[in-house]
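Q: For reference, this is start00.cif, and it has mmCIF, C-alpha atoms and all ligand atoms.
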```
data_coords
#
loop_
_atom_site.label_atom_id
_atom_site.label_comp_id
_atom_site.auth_asym_id
_atom_site.auth_seq_id
_atom_site.Cartn_x
_atom_site.Cartn_y
_atom_site.Cartn_z
CA MET A 26 81.79 114.47 83.64
CA LEU A 27 78.86 114.82 81.22
CA LYS A 28 77.49 111.43 82.20
CA ILE A 29 78.86 107.99 83.00
CA GLY A 30 81.48 107.24 80.36
CA ALA A 31 81.68 110.75 78.86
CA THR A 32 83.80 113.82 79.64
CA GLY A 33 83.83 117.26 77.99
CA TRP A 34 83.79 120.99 78.75
CA ILE A 35 80.76 122.88 80.04
CA GLU A 36 80.00 126.47 81.09
CA LYS A 37 78.77 127.10 84.63
CA GLU A 38 78.15 130.21 86.72
CA LYS A 39 81.17 131.37 88.71
CA PRO A 40 80.63 130.04 92.27
CA ARG A 41 80.02 132.51 95.12
CA PRO A 42 81.36 132.20 98.67
CA GLY A 43 79.17 131.92 101.74
CA PRO A 44 80.43 133.87 104.80
CA LEU A 45 83.01 131.19 105.75
CA ASP A 46 84.01 130.12 102.25
CA ALA A 47 86.55 130.99 99.57
CA ILE A 48 86.68 130.98 95.79
CA VAL A 49 89.97 129.69 94.42
CA ALA A 50 91.51 129.73 90.93
CA PRO A 51 93.78 126.76 90.21
CA LEU A 52 97.56 127.02 89.73
CA ALA A 53 98.09 123.27 89.36
CA LEU A 54 95.67 120.36 88.98
CA ALA A 55 96.12 116.60 88.99
CA PRO A 56 93.72 113.97 87.63
CA CYS A 57 93.33 110.92 89.87
CA THR A 58 92.53 107.23 89.60
CA SER A 59 89.35 108.15 91.53
CA ASP A 60 88.26 110.52 88.71
CA ILE A 61 88.52 107.57 86.34
CA HIS A 62 86.45 105.41 88.70
CA THR A 63 83.86 108.20 88.92
CA VAL A 64 83.47 108.71 85.17
CA TYR A 65 84.13 105.35 83.61
CA ALA A 66 83.05 102.92 86.34
CA GLY A 67 80.19 105.10 87.63
CA ALA A 68 81.63 104.58 91.12
CA LEU A 69 79.53 107.38 92.65
CA GLY A 70 76.43 106.59 90.64
CA ASP A 71 74.81 108.53 87.84
CA ARG A 72 76.15 112.10 87.66
CA HIS A 73 75.44 114.67 84.97
CA ASN A 74 77.47 117.80 84.20
CA LEU A 75 79.55 117.36 87.33
CA ILE A 76 82.90 119.15 87.36
CA LEU A 77 85.59 116.57 88.15
CA GLY A 78 88.78 116.88 90.14
CA HIS A 79 89.82 117.06 93.78
CA GLU A 80 93.59 117.59 93.63
CA ALA A 81 94.49 121.28 93.42
CA VAL A 82 96.83 124.04 94.42
CA GLY A 83 95.45 127.50 93.77
CA ARG A 84 95.27 131.21 94.40
CA VAL A 85 92.44 132.66 96.49
CA VAL A 86 90.36 135.10 94.45
CA GLU A 87 87.51 135.88 96.85
CA VAL A 88 86.65 135.20 100.49
CA GLY A 89 83.44 135.36 102.53
CA SER A 90 82.86 138.03 105.17
CA GLU A 91 83.83 135.74 108.10
CA VAL A 92 87.10 134.35 106.71
CA ARG A 93 89.99 135.50 108.94
CA ASP A 94 93.19 133.86 107.74
CA PHE A 95 93.07 134.06 103.94
CA LYS A 96 92.74 136.89 101.45
CA PRO A 97 92.69 137.23 97.66
CA GLY A 98 96.12 136.50 96.20
CA ASP A 99 97.15 133.88 98.80
CA ARG A 100 98.58 130.63 97.39
CA VAL A 101 96.94 127.64 99.00
CA VAL A 102 96.94 123.85 99.10
CA VAL A 103 93.35 122.61 98.80
CA PRO A 104 92.71 119.22 100.42
CA ALA A 105 90.63 116.67 98.53
CA ILE A 106 88.60 116.21 101.72
CA THR A 107 86.95 119.40 102.97
CA PRO A 108 84.64 118.46 105.86
CA GLU A 109 82.19 120.54 107.80
CA TRP A 110 84.12 121.00 111.03
CA ARG A 111 81.30 122.42 113.17
CA THR A 112 79.36 119.22 113.73
CA GLN A 113 78.26 117.21 116.72
CA ASP A 114 79.61 114.08 115.06
CA ILE A 115 83.20 115.38 115.17
CA GLN A 116 82.70 116.26 118.84
CA GLN A 117 81.58 112.65 119.40
CA GLY A 118 84.86 111.39 117.94
CA ILE A 119 83.57 110.35 114.54
CA PRO A 120 86.41 110.86 112.02
CA HIS A 121 86.20 114.18 110.20
CA GLN A 122 85.90 112.39 106.86
CA HIS A 123 82.41 111.37 107.97
CA SER A 124 81.43 114.47 109.94
CA GLU A 125 77.91 114.69 108.51
CA SER A 126 77.43 111.18 107.12
CA LEU A 127 79.50 108.33 105.69
CA LEU A 128 82.23 109.81 103.43
CA SER A 129 80.60 113.27 103.61
CA GLY A 130 83.99 115.02 103.78
CA TRP A 131 84.56 114.06 100.16
CA LYS A 132 82.68 116.89 98.48
CA PHE A 133 84.71 117.87 95.39
CA SER A 134 83.63 115.96 92.29
CA ASN A 135 81.22 113.99 94.45
CA THR A 136 78.49 116.04 96.12
CA LYS A 137 79.56 119.35 94.59
CA ASP A 138 81.56 120.57 91.62
CA GLY A 139 85.24 119.72 91.66
CA VAL A 140 88.40 121.70 90.96
CA PHE A 141 88.88 121.24 87.19
CA ALA A 142 87.50 124.71 86.49
CA GLU A 143 88.60 128.35 86.21
CA PHE A 144 87.18 128.94 89.70
CA PHE A 145 86.02 126.58 92.43
CA HIS A 146 84.32 126.91 95.82
CA VAL A 147 85.95 125.83 99.11
CA ASN A 148 83.72 125.49 102.19
CA ASP A 149 85.02 126.66 105.59
CA ALA A 150 88.19 128.23 104.15
CA ASP A 151 89.93 128.86 107.50
CA MET A 152 89.58 125.20 108.49
CA ASN A 153 90.24 123.64 105.10
CA LEU A 154 92.87 125.69 103.23
CA ALA A 155 96.59 125.72 104.02
CA ALA A 156 99.01 128.49 103.02
CA LEU A 157 101.64 127.32 100.54
CA PRO A 158 105.21 128.44 101.39
CA ASP A 159 107.33 129.77 98.49
CA ARG A 160 110.00 127.07 98.80
CA ILE A 161 107.56 124.27 97.93
CA THR A 162 107.02 123.73 94.20
CA LEU A 163 103.56 123.49 92.66
CA GLU A 164 104.45 119.94 91.63
CA GLN A 165 105.19 118.93 95.22
CA ALA A 166 102.20 120.81 96.60
CA CYS A 167 99.71 119.28 94.20
CA MET A 168 100.61 115.79 95.45
CA MET A 169 99.53 116.71 99.00
CA PRO A 170 95.70 117.02 98.72
CA ASP A 171 95.25 113.31 97.98
CA MET A 172 98.32 111.20 97.06
CA MET A 173 100.47 112.08 100.02
CA THR A 174 97.76 112.28 102.68
CA THR A 175 96.25 108.98 101.49
CA GLY A 176 99.52 107.07 101.34
CA PHE A 177 100.54 108.40 104.72
CA HIS A 178 97.17 107.41 106.11
CA GLY A 179 97.89 103.83 105.04
CA ALA A 180 100.90 103.81 107.37
CA GLU A 181 98.78 105.38 110.12
CA LEU A 182 95.97 102.85 109.72
CA ALA A 183 98.46 99.97 109.80
CA ASP A 184 100.17 101.67 112.77
CA VAL A 185 103.66 101.01 111.37
CA GLN A 186 106.24 100.70 114.15
CA PHE A 187 109.97 101.29 113.90
CA GLY A 188 112.03 98.27 112.99
CA ALA A 189 108.92 96.45 111.78
CA VAL A 190 108.46 94.45 108.59
CA VAL A 191 105.89 96.06 106.28
CA ALA A 192 104.31 94.94 103.00
CA VAL A 193 102.79 97.62 100.76
CA ILE A 194 100.49 96.04 98.19
CA GLY A 195 100.29 98.35 95.17
CA ILE A 196 102.88 100.97 94.28
CA GLY A 197 101.01 103.45 92.14
CA PRO A 198 101.28 107.02 93.48
CA VAL A 199 99.25 106.17 96.62
CA GLY A 200 101.27 103.06 97.47
CA LEU A 201 104.53 104.89 96.78
CA MET A 202 103.57 107.48 99.38
CA ALA A 203 102.72 104.61 101.76
CA VAL A 204 106.24 103.26 101.21
CA ALA A 205 107.70 106.71 101.97
CA ALA A 206 105.50 107.03 105.09
CA SER A 207 106.52 103.57 106.34
CA ALA A 208 110.18 104.47 105.89
CA LEU A 209 109.63 107.74 107.79
CA ARG A 210 107.97 105.80 110.61
CA GLY A 211 111.14 103.72 110.83
CA ALA A 212 110.11 100.41 109.27
CA GLY A 213 112.99 97.96 109.20
CA ARG A 214 112.07 96.13 106.02
CA ILE A 215 109.56 97.20 103.38
CA PHE A 216 108.24 94.77 100.76
CA ALA A 217 106.72 96.74 97.86
CA VAL A 218 104.31 94.83 95.60
CA GLY A 219 103.99 96.03 92.00
CA SER A 220 105.22 95.34 88.51
CA ARG A 221 105.89 98.48 86.47
CA PRO A 222 109.62 99.38 86.24
CA LYS A 223 109.06 103.11 86.84
CA CYS A 224 107.07 102.38 90.02
CA VAL A 225 109.67 99.87 91.18
CA GLU A 226 112.44 102.44 90.69
CA LEU A 227 110.55 105.05 92.73
CA ALA A 228 109.59 102.53 95.43
CA LEU A 229 113.28 101.76 95.98
CA GLY A 230 113.97 105.50 96.07
CA TYR A 231 111.25 106.08 98.69
CA GLY A 232 112.61 103.35 100.95
CA ALA A 233 111.42 99.90 99.81
CA THR A 234 113.96 97.18 100.60
CA ASP A 235 112.41 94.34 98.57
CA ILE A 236 110.29 94.30 95.41
CA ILE A 237 107.63 91.64 94.88
CA ASN A 238 106.10 91.25 91.41
CA TYR A 239 102.54 89.93 91.76
CA LYS A 240 102.76 88.69 88.18
CA ASN A 241 105.39 86.16 89.31
CA GLY A 242 102.97 84.18 91.50
CA ASP A 243 101.26 84.29 94.90
CA ILE A 244 102.50 87.36 96.77
CA VAL A 245 101.90 85.77 100.18
CA ARG A 246 104.21 82.89 99.31
CA GLN A 247 106.83 85.22 97.81
CA VAL A 248 106.93 87.51 100.85
CA VAL A 249 106.79 84.76 103.47
CA ASP A 250 109.63 82.88 101.75
CA LEU A 251 111.83 85.97 101.91
CA ASN A 252 110.74 86.77 105.48
CA ARG A 253 112.12 83.56 107.05
CA GLY A 254 108.80 81.76 106.71
CA LYS A 255 106.82 84.35 108.69
CA GLY A 256 104.07 86.83 108.06
CA VAL A 257 104.78 90.55 108.26
CA ASP A 258 103.99 92.97 111.09
CA HIS A 259 102.00 95.42 108.97
CA VAL A 260 100.32 95.31 105.58
CA ILE A 261 99.22 98.43 103.69
CA VAL A 262 96.75 97.77 100.87
CA ALA A 263 97.09 100.44 98.18
CA GLY A 264 96.06 98.76 94.94
CA GLY A 265 94.80 95.63 93.26
CA PRO A 266 91.45 93.83 92.94
CA GLU A 267 89.14 92.61 95.74
CA ASN A 268 91.22 89.53 96.60
CA VAL A 269 94.16 91.66 97.81
CA LEU A 270 92.37 92.16 101.12
CA SER A 271 92.29 88.40 101.62
CA GLN A 272 95.97 88.27 100.69
CA ALA A 273 96.69 91.00 103.23
CA VAL A 274 95.01 88.97 105.99
CA SER A 275 97.09 85.92 105.03
CA LEU A 276 100.24 88.03 104.85
CA ALA A 277 99.91 89.54 108.33
CA ARG A 278 101.48 87.63 111.23
CA PRO A 279 99.31 86.85 114.28
CA GLY A 280 98.66 90.20 115.96
CA GLY A 281 99.59 92.00 112.76
CA SER A 282 97.74 95.03 111.44
CA ILE A 283 96.32 95.86 108.03
CA GLY A 284 95.74 99.41 106.84
CA ASN A 285 93.57 99.65 103.75
CA ILE A 286 93.40 102.75 101.55
CA ASN A 287 92.41 100.87 98.40
CA TYR A 288 89.06 101.46 96.73
CA PHE A 289 87.08 98.23 96.26
CA GLY A 290 84.59 98.71 93.46
CA GLU A 291 83.20 95.23 92.80
CA GLY A 292 80.85 92.82 94.50
CA ALA A 293 78.80 92.90 97.69
CA MET A 294 81.30 91.17 99.98
CA LEU A 295 85.02 91.12 100.73
CA GLU A 296 86.47 87.81 101.85
CA ILE A 297 88.49 87.08 104.95
CA PRO A 298 90.36 83.74 104.78
CA ARG A 299 89.06 81.84 107.79
CA LEU A 300 92.13 79.78 108.69
CA ASP A 301 94.65 82.60 108.20
CA TRP A 302 92.41 84.74 110.39
CA GLY A 303 92.86 82.11 113.07
CA CYS A 304 89.18 81.15 112.76
CA GLY A 305 88.57 84.64 114.16
CA MET A 306 91.22 84.37 116.88
CA ALA A 307 94.45 85.59 115.24
CA HIS A 308 94.40 89.13 116.69
CA LYS A 309 94.86 90.55 113.21
CA SER A 310 93.26 93.96 112.79
CA ILE A 311 91.89 95.55 109.62
CA ARG A 312 91.35 99.30 109.41
CA GLY A 313 90.36 101.12 106.26
CA GLY A 314 89.88 104.80 105.69
CA LEU A 315 89.28 107.76 103.44
CA CYS A 316 92.23 110.11 103.31
CA PRO A 317 92.32 112.82 105.98
CA GLY A 318 91.73 116.39 104.81
CA GLY A 319 91.48 119.83 106.35
CA ARG A 320 93.99 122.55 107.08
CA GLY A 321 95.94 120.91 109.91
CA ARG A 322 96.55 117.80 107.85
CA MET A 323 97.78 119.82 104.86
CA GLU A 324 100.06 121.85 107.13
CA ARG A 325 101.65 118.61 108.30
CA MET A 326 102.17 117.48 104.70
CA ILE A 327 103.72 120.90 104.00
CA ALA A 328 106.07 120.53 106.99
CA LEU A 329 107.26 117.13 105.74
CA VAL A 330 108.09 118.51 102.30
CA ALA A 331 109.43 121.90 103.41
CA HIS A 332 111.99 120.22 105.66
CA GLY A 333 113.11 117.67 103.11
CA ARG A 334 111.63 114.53 104.68
CA VAL A 335 109.92 113.45 101.47
CA ASP A 336 109.68 114.70 97.88
CA PRO A 337 106.25 113.83 96.45
CA GLY A 338 107.10 115.82 93.30
CA LYS A 339 108.90 112.72 92.01
CA LEU A 340 105.50 111.09 91.43
CA ILE A 341 104.83 113.39 88.48
CA THR A 342 105.78 111.69 85.25
CA HIS A 343 103.83 113.87 82.77
CA LYS A 344 103.31 117.64 82.76
CA PHE A 345 100.84 119.66 80.72
CA GLN A 346 100.00 123.36 80.38
CA GLY A 347 96.60 124.95 80.82
CA LEU A 348 93.16 123.60 81.63
CA GLU A 349 93.26 121.57 78.42
CA GLY A 350 96.13 119.71 80.05
CA VAL A 351 93.65 118.26 82.51
CA GLU A 352 91.91 116.53 79.63
CA ALA A 353 95.20 115.11 78.37
CA GLY A 354 96.11 114.00 81.88
CA LEU A 355 92.74 112.34 82.40
CA ALA A 356 93.15 110.42 79.15
CA LEU A 357 96.55 109.20 80.35
CA MET A 358 95.07 108.05 83.67
CA LYS A 359 92.36 106.17 81.82
CA ASP A 360 94.72 104.25 79.55
CA LYS A 361 97.59 104.15 82.05
CA PRO A 362 100.56 103.33 79.88
CA ALA A 363 103.25 101.66 82.00
CA GLU A 364 105.37 104.81 82.38
CA VAL A 365 102.54 106.94 83.86
CA ILE A 366 102.48 107.47 87.59
CA LYS A 367 100.89 110.89 87.94
CA PRO A 368 100.12 113.63 85.40
CA LEU A 369 99.93 117.31 86.33
CA ALA A 370 98.50 120.36 84.60
CA LEU A 371 100.04 123.77 85.36
CA ILE A 372 97.42 126.44 84.79
P1 LIG A 401 97.31 102.81 90.57
O1 LIG A 401 96.36 102.16 89.66
O2 LIG A 401 98.26 103.83 90.01
O3 LIG A 401 98.19 101.73 91.35
C1 LIG A 401 97.67 100.48 91.70
C2 LIG A 401 98.82 99.59 92.10
O4 LIG A 401 98.29 98.28 92.40
C3 LIG A 401 99.87 99.37 91.03
O5 LIG A 401 101.14 99.33 91.62
C4 LIG A 401 99.51 98.01 90.46
O6 LIG A 401 100.61 97.32 89.89
C5 LIG A 401 99.06 97.29 91.72
N1 LIG A 401 98.27 96.10 91.45
C6 LIG A 401 97.38 95.88 90.45
N2 LIG A 401 96.89 94.64 90.50
C7 LIG A 401 97.49 94.03 91.56
C8 LIG A 401 97.42 92.74 92.14
N3 LIG A 401 96.62 91.80 91.63
N4 LIG A 401 98.15 92.47 93.22
C9 LIG A 401 98.96 93.41 93.75
N5 LIG A 401 99.09 94.67 93.25
C10 LIG A 401 98.36 94.96 92.17
O7 LIG A 401 96.41 103.48 91.71
P2 LIG A 401 96.66 104.72 92.70
O8 LIG A 401 97.99 104.58 93.35
O9 LIG A 401 96.33 106.00 92.02
O10 LIG A 401 95.49 104.45 93.77
C11 LIG A 401 95.50 103.25 94.52
C12 LIG A 401 94.15 103.01 95.15
O11 LIG A 401 93.88 104.00 96.13
C13 LIG A 401 92.98 103.08 94.17
O12 LIG A 401 92.07 102.05 94.48
C14 LIG A 401 92.36 104.43 94.46
O13 LIG A 401 91.00 104.47 94.11
C15 LIG A 401 92.55 104.47 95.94
N6 LIG A 401 92.49 105.81 96.56
C16 LIG A 401 91.97 105.85 97.82
C17 LIG A 401 91.91 107.04 98.49
C18 LIG A 401 91.44 107.06 99.91
O14 LIG A 401 91.12 108.12 100.41
N7 LIG A 401 91.40 105.94 100.62
C19 LIG A 401 92.32 108.29 97.86
C20 LIG A 401 92.94 108.13 96.56
C21 LIG A 401 92.98 106.92 95.93
P3 LIG A 401 101.16 97.61 88.39
O15 LIG A 401 102.49 98.22 88.59
O16 LIG A 401 101.21 96.31 87.74
O17 LIG A 401 100.20 98.55 87.73
ZN ZN A 402 92.64 111.81 94.00
#
```
Represent the structure of the file as structure tokens.
A:
Amino acid sequence: MLKIGATGWIEKEKPRPGPLDAIVAPLALAPCTSDIHTVYAGALGDRHNLILGHEAVGRVVEVGSEVRDFKPGDRVVVPAITPEWRTQDIQQGIPHQHSESLLSGWKFSNTKDGVFAEFFHVNDADMNLAALPDRITLEQACMMPDMMTTGFHGAELADVQFGAVVAVIGIGPVGLMAVAASALRGAGRIFAVGSRPKCVELALGYGATDIINYKNGDIVRQVVDLNRGKGVDHVIVAGGPENVLSQAVSLARPGGSIGNINYFGEGAMLEIPRLDWGCGMAHKSIRGGLCPGGRGRMERMIALVAHGRVDPGKLITHKFQGLEGVEAGLALMKDKPAEVIKPLALI
């Protein structure tokens, strides 16, 4: 990111590891909707000559003197969120994503250079990197740092219970992983809200039972009509403009839970519909969160894929070669033709 609205290539010094850190060279990289928000919507504010990217699988090239579990040559999954783990805040129960301050775990392409480079720096390597087993493909692995952990977090935030009725609003790559996570948690019925045929096809493959097209009218009405006139147990918000949060509140039954993983980029306020929130007394909960990162989380994602529970590799619709492929992938994410779900560059 050269500045808001402009991308290009720049030369920077090769990063050096502190005692606990690692330097990693990428094997696969994926551009993200968030990279587009960062560059073209200025979502993080004015940034100059910032290296973008936070979705990577790589090979360790150098480690600091105190790193115990990784050595040069190791293949690793690199989470998008790489917190400082040695903080008082974590000991006080504050989520690791905010271990130093609000959203502080999101460092790549935010508060430090990202992963779209020949080499990048990973803080606290032993706590943040996860070893990549041979049987997992680079395509599958590169969907773990953000897409998979975020989508799965949606199901965690909504606390999806087995046999429950779930609505997933938005079925881009993040929402598709929320559909897969809801199915794995044993949801009985899953309404998936989206419009693009490729996303609809994948949503059905990942476990959606009903497809709702938001372009065909009010999604609350559409879902409630199909759900015998009732709201749903859990709503996962994974796409759409600001008013989807209001729709989620209306869509949840009394006592229902809403898990939000969507990024809301406009306006100062988000609206809660007063009557559907029972004038404050409907026992509907709203939880929103940044995707979990760190080694343990990535190892869980690896376990899910290694044992065949989910195949996030299906999200990749476009593949490129080399670092230049990142540029092509980023352009695709910006324009988002209907058939694009997730591009990948193999380095
Ligand atoms: P996409 O743009 O690929 O997908 C968005 C989805 O929302 C699409 O299915 C789209 O439908 C749907 N949608 C658009 N408008 C509406 C509407 N009015 N009502 C209902 N659905 C609608 O995004 P991603 O999957 O890449 O990311 C989803 C969100 O997650 C983004 O906001 C992203 O910034 C955020 N995110 C959050 C993270 C976190 O840590 N919490 C991490 C990563 C991403 P259609 O098929 O028509 O396009
Ligand atoms: Zn991302």
Q: Need to verify the contact set: region 126-135 of chain A, 9 Å, only C-alpha atoms, exclusion of same-chain residues closer than 3 positions in sequence. Can you return it as JSON, numbers by chain?
A: {"A": [26, 60, 63, 69, 72, 75, 76, 77, 78, 79, 105, 106, 107, 108, 109, 114, 121, 122, 123, 138, 139, 140, 147, 315, 317, 318]}
Q: Go through A:Val49, A:Ile29, A:Leu329, A:Leu348 one by one, measure the shortest atom-to-atom distance of each to His73 (chain A) using all atoms listed in the file, and give the residue with the smallest value.
A: A:Ile29
Q: Which residue is closest to Phe95 (chain A)? Choose from A:Leu45, A:Pro198, A:Lys339, A:Ala189 and count all atoms listed in the file.
A: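 Residue with the minimum atom-to-atom distance to Phe95 (chain A): A:Leu45.
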Q: Looking at A:Ala233, A:Val102, A:Ala55, A:Val260, which one is nearest to Leu209 (chain A), with distances taken over all atoms listed in the file?
A: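 Among A:Ala233, A:Val102, A:Ala55, A:Val260, it is A:Ala233 that comes nearest to Leu209 (chain A).
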Q: CA of Leu54 (chain A) and CA of Ala356 (chain A) are how many Å apart?
A: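 We find that CA of Leu54 (chain A) and CA of Ala356 (chain A) lie 14.2 Å from each other.
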Q: Counting only C-alpha atoms, which residues come within 9 Å of (112.8, 104.5, 99.5), with the point read in the file's coordinates, and could you list them as a VMD selection string?
A: chain A and resid 201 204 to 205 208 215 227 to 234
Q: Hey, which residues come within 6 Å of ligand LIG 401 (chain A) if we count all atoms listed in the file? Could you give them as an mmCIF file with C-alpha atoms, in the coordinates of the input?
A:
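Now in part.cif:
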```cif
data_model
loop_
_atom_site.group_PDB
_atom_site.id
_atom_site.type_symbol
_atom_site.label_atom_id
_atom_site.label_comp_id
_atom_site.auth_asym_id
_atom_site.auth_seq_id
_atom_site.Cartn_x
_atom_site.Cartn_y
_atom_site.Cartn_z
ATOM 1 C CA THR A 58 92.530 107.230 89.600
ATOM 2 C CA SER A 59 89.350 108.150 91.530
ATOM 3 C CA ASP A 171 95.250 113.310 97.980
ATOM 4 C CA THR A 175 96.250 108.980 101.490
ATOM 5 C CA ILE A 194 100.490 96.040 98.190
ATOM 6 C CA GLY A 195 100.290 98.350 95.170
ATOM 7 C CA ILE A 196 102.880 100.970 94.280
ATOM 8 C CA GLY A 197 101.010 103.450 92.140
ATOM 9 C CA PRO A 198 101.280 107.020 93.480
ATOM 10 C CA VAL A 199 99.250 106.170 96.620
ATOM 11 C CA GLY A 200 101.270 103.060 97.470
ATOM 12 C CA VAL A 218 104.310 94.830 95.600
ATOM 13 C CA GLY A 219 103.990 96.030 92.000
ATOM 14 C CA SER A 220 105.220 95.340 88.510
ATOM 15 C CA ARG A 221 105.890 98.480 86.470
ATOM 16 C CA TYR A 239 102.540 89.930 91.760
ATOM 17 C CA ALA A 263 97.090 100.440 98.180
ATOM 18 C CA GLY A 264 96.060 98.760 94.940
ATOM 19 C CA GLY A 265 94.800 95.630 93.260
ATOM 20 C CA PRO A 266 91.450 93.830 92.940
ATOM 21 C CA ILE A 286 93.400 102.750 101.550
ATOM 22 C CA ASN A 287 92.410 100.870 98.400
ATOM 23 C CA TYR A 288 89.060 101.460 96.730
ATOM 24 C CA GLY A 314 89.880 104.800 105.690
ATOM 25 C CA LEU A 315 89.280 107.760 103.440
ATOM 26 C CA CYS A 316 92.230 110.110 103.310
#
```
Q: Smallest atom-to-atom distance to ligand ZN 402 (chain A): which of A:Gln247, A:Thr342, A:Asn252, A:Thr174, using only C-alpha atoms and all ligand atoms?
A: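 Checking each of A:Gln247, A:Thr342, A:Asn252, A:Thr174 against ligand ZN 402 (chain A), counting only C-alpha atoms and all ligand atoms, the winner is A:Thr174.
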Q: In Å, how far is it from CA of Ala31 (chain A) to CA of Pro56 (chain A)?
A: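 One can read the CA of Ala31 (chain A) to CA of Pro56 (chain A) distance as 15.2 Å.
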Q: Would you list the contacts of Ser282 (chain A) as a VMD selection string, taking every protein, DNA or RNA residue within 7 Å and counting only C-alpha atoms, but skipping same-chain residues closer than 5 positions in sequence?
A: chain A and resid 183 258 to 260 277 309 to 311
Q: What does the file look like for those residues with C-alpha atoms, as a short mmCIF file (atom, residue, chain, number, x, y, z; two decimals), in the frame of the given file?
A:
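This is the output file part.cif:
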```cif
data_model
loop_
_atom_site.label_atom_id
_atom_site.label_comp_id
_atom_site.auth_asym_id
_atom_site.auth_seq_id
_atom_site.Cartn_x
_atom_site.Cartn_y
_atom_site.Cartn_z
CA ALA A 183 98.46 99.97 109.80
CA ASP A 258 103.99 92.97 111.09
CA HIS A 259 102.00 95.42 108.97
CA VAL A 260 100.32 95.31 105.58
CA ALA A 277 99.91 89.54 108.33
CA LYS A 309 94.86 90.55 113.21
CA SER A 310 93.26 93.96 112.79
CA ILE A 311 91.89 95.55 109.62
#
```
Q: One number please: CA of Pro104 (chain A) to CA of Arg322 (chain A), in Å, one decimal.
A: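 Those two atoms sit 8.5 Å apart.
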Q: Name the residues in contact with Glu38 (chain A) at a cut-off of 12 Å, using all atoms listed in the file, excluding same-chain residues fewer than 5 positions from it; report them as a list in words.
A: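 Residues meeting the cut-off are Asp138, Ala142, Glu143, Phe144, Phe145 and His146 of chain A.
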Q: Could you pull the residues within 10 Å of Asp159 (chain A), counting only C-alpha atoms, minus those fewer than 3 positions along the same chain, as a list of chain:residue names?
A: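 Close residues of Asp159 (chain A): A:Arg100, A:Ala156, A:Thr162, A:Leu163, A:Ala331.
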Q: Could you write out that same residue set with C-alpha atoms as a PDB file, in the coordinates of the input?
A:
```
ATOM      1  CA  ARG A 100      98.580 130.630  97.390  1.00  0.00           C
ATOM      2  CA  ALA A 156      99.010 128.490 103.020  1.00  0.00           C
ATOM      3  CA  THR A 162     107.020 123.730  94.200  1.00  0.00           C
ATOM      4  CA  LEU A 163     103.560 123.490  92.660  1.00  0.00           C
ATOM      5  CA  ALA A 331     109.430 121.900 103.410  1.00  0.00           C
TER       6      ALA A 331
END
```
Q: Counting only C-alpha atoms, what is within 6 Å of Asn285 (chain A), bar same-chain residues fewer than 5 positions away, as a PyMOL selection string?
A: chain A and resi 261-262+313
Q: Under the rule that all atoms listed in the file are counted, which of A:Gly211, A:Ala363, A:Ala217, A:Gln165 is the nearest residue to Gly333 (chain A)?
A: A:Gln165
Q: With distances taken over all atoms listed in the file, which residue among A:Val193, A:Met169, A:Met152, A:Val86 lies nearest ligand ZN 402 (chain A)?
A: A:Met169
Q: How big is the axis-aligned box around all listed atoms of region 30-40 of chain A once 6 Å goes on each side, and where's its centre, in Å to one decimal, as AutoDock Vina command-line options?
A:
```
--center_x 81.0 --center_y 119.3 --center_z 85.1 --size_x 17.7 --size_y 36.1 --size_z 26.3
```
